[in-house]
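Below is data_12.cif, holding mmCIF, C-alpha atoms.
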```
data_start
loop_
_atom_site.label_atom_id
_atom_site.label_comp_id
_atom_site.auth_asym_id
_atom_site.auth_seq_id
_atom_site.Cartn_x
_atom_site.Cartn_y
_atom_site.Cartn_z
CA MET A 119 -7.61 -9.60 16.72
CA THR A 120 -9.87 -8.46 13.91
CA ALA A 121 -13.20 -9.91 12.90
CA PRO A 122 -12.89 -12.55 10.14
CA THR A 123 -14.77 -10.45 7.56
CA VAL A 124 -12.60 -7.38 8.22
CA GLU A 125 -9.46 -9.48 8.09
CA ALA A 126 -10.60 -11.08 4.80
CA ALA A 127 -11.35 -7.66 3.26
CA ILE A 128 -7.90 -6.35 4.23
CA HIS A 129 -6.15 -9.44 2.87
CA GLU A 130 -8.11 -9.38 -0.39
CA LEU A 131 -7.41 -5.68 -1.01
CA MET A 132 -3.74 -5.97 -0.12
CA ASP A 133 -3.34 -9.12 -2.25
CA LEU A 134 -4.87 -7.38 -5.29
CA ALA A 135 -2.31 -4.58 -5.14
CA TRP A 136 0.60 -6.22 -3.31
CA ASN A 137 3.37 -4.99 -5.64
CA LEU A 138 1.93 -1.47 -5.84
CA VAL A 139 1.57 -1.27 -2.04
CA TYR A 140 5.13 -2.49 -1.55
CA ASP A 141 6.51 0.04 -4.04
CA LEU A 142 4.45 2.87 -2.53
CA LEU A 143 5.67 2.11 1.01
CA GLU A 144 9.24 1.86 -0.23
CA GLN A 145 8.99 5.22 -2.07
CA ARG A 146 7.62 6.92 1.07
CA GLY A 147 10.30 5.39 3.32
CA LEU A 148 7.64 3.49 5.28
CA LEU A 149 8.60 -0.09 4.50
CA GLY A 150 10.53 -0.66 7.71
CA ASP A 151 11.70 -4.23 8.19
CA GLY A 152 9.28 -5.62 5.63
CA LEU A 153 5.62 -5.81 4.82
CA ASN A 154 3.39 -8.26 6.65
CA VAL A 155 -0.29 -8.16 5.78
CA GLU A 156 -1.05 -9.50 9.27
CA GLU A 157 0.05 -6.16 10.73
CA PHE A 158 -2.80 -4.36 8.93
CA THR A 159 -5.82 -4.61 11.21
CA GLY A 160 -7.90 -1.51 10.45
CA ILE A 161 -10.00 -0.59 7.46
CA HIS A 162 -12.27 2.37 6.78
CA SER A 163 -14.25 2.75 3.56
CA TRP A 164 -16.60 5.37 2.12
CA VAL A 165 -17.93 6.51 -1.26
CA GLU A 166 -17.77 10.02 -2.73
CA ASP A 167 -19.36 10.58 -6.10
CA LEU A 168 -18.41 7.41 -7.99
CA THR A 169 -15.16 6.69 -6.16
CA ARG A 170 -14.72 4.31 -3.22
CA TYR A 171 -11.99 5.44 -0.83
CA ILE A 172 -10.45 2.88 1.49
CA VAL A 173 -7.89 3.42 4.23
CA VAL A 174 -6.11 0.31 5.46
CA HIS A 175 -3.80 0.75 8.42
CA SER A 176 -1.43 -0.96 10.77
CA ARG A 177 -0.03 0.53 13.97
CA THR A 178 2.57 2.42 11.97
CA VAL A 179 1.33 2.92 8.39
CA ALA A 180 -1.89 3.98 6.65
CA ILE A 181 -2.53 3.40 2.96
CA LEU A 182 -5.18 5.21 0.93
CA PHE A 183 -6.83 3.31 -1.91
CA MET A 184 -9.07 4.82 -4.57
CA ASP A 185 -11.29 1.95 -5.60
CA THR A 186 -8.68 -0.85 -5.49
CA ARG A 187 -5.57 1.18 -6.39
CA PRO A 188 -3.21 2.40 -3.65
CA VAL A 189 -2.54 6.11 -4.16
CA ASP A 190 -0.64 7.23 -1.05
CA ALA A 191 0.83 6.02 2.22
CA ILE A 192 1.62 7.92 5.41
CA ALA A 193 2.80 7.22 8.91
CA PHE A 194 -0.33 6.29 10.85
CA HIS A 195 -1.61 8.60 13.58
CA HIS A 196 -4.85 8.40 15.53
CA ASP A 197 -6.19 11.74 14.22
CA LEU A 198 -6.94 9.88 11.01
CA LEU A 199 -9.54 7.74 12.78
CA GLY A 200 -12.88 9.49 12.94
CA ALA A 201 -11.75 12.43 10.80
CA ASP A 202 -14.45 14.14 8.76
CA ASP A 203 -12.31 13.78 5.63
CA PRO A 204 -9.70 11.05 6.12
CA LYS A 205 -8.35 11.48 2.58
CA SER A 206 -7.21 15.02 3.50
CA PHE A 207 -4.32 13.42 5.40
CA PHE A 208 -2.99 11.99 2.14
CA THR A 209 -1.63 13.45 -1.09
CA LEU A 210 -3.77 12.55 -4.08
CA HIS A 211 -1.92 12.41 -7.38
CA GLY A 212 -3.68 12.82 -10.69
#
```
What would the structure in this file look like if it were written as structure tokens?
Amino acid sequence: MTAPTVEAAIHELMDLAWNLVYDLLEQRGLLGDGLNVEEFTGIHSWVEDLTRYIVVHSRTVAILFMDTRPVDAIAFHHDLLGADDPKSFFTLHG
């Protein structure tokens, strides 16, 4: 179970970009049996220059957001947690 504020932050971010997240997961072949926001229980956020990076993850998928826009999704693995540069696990486009 996640803390209410963490859970609220995840839900708000995912709700803002629901269609984009869905399309991104589908494009990467990570959609599985569907997309349930309740499965996303982890969030990590940091700022570099003027950009806020956010990684939201479930047990199986991690999604990278730049500000509030999802930019990549990967299969989740624990090396991502505590990495010096978590965004290096993702492919940044544009």
Excluding region 175-183 of chain A and its own-chain neighbours fewer than 3 positions away, which residues fall within 10 Å of it when counting only C-alpha atoms? Please give them as a PyMOL selection string. chain A and resi 128+131-132+135+139+142-143+148-150+154-163+169-172+186-196+198+204-205+207-210
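Distance check against Val173 (chain A) using all atoms listed in the file: of A:Glu130, A:Asp185, A:Trp136, A:Arg146, the minimum falls on A:Asp185.
CA of Glu166 (chain A) to CA of Asp203 (chain A) spans 10.7 Å [interatomic distance, one decimal].
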In Å to one decimal, how far is CA of Leu199 (chain A) from CA of Ala127 (chain A)? 18.2 Å
Padding 8 Å on each side, edges along x, y and z: where is the centre of the box around the listed atoms of region 185-200 of chain A, and how long are its edges in Å to one decimal? Output it as JSON.
```
{"center_x": -5.0, "center_y": 5.4, "center_z": 4.6, "size_x": 31.7, "size_y": 28.6, "size_z": 37.9}
```
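Pairwise distance (CA of Leu168 (chain A), CA of Pro122 (chain A)) equals 27.5 Å.
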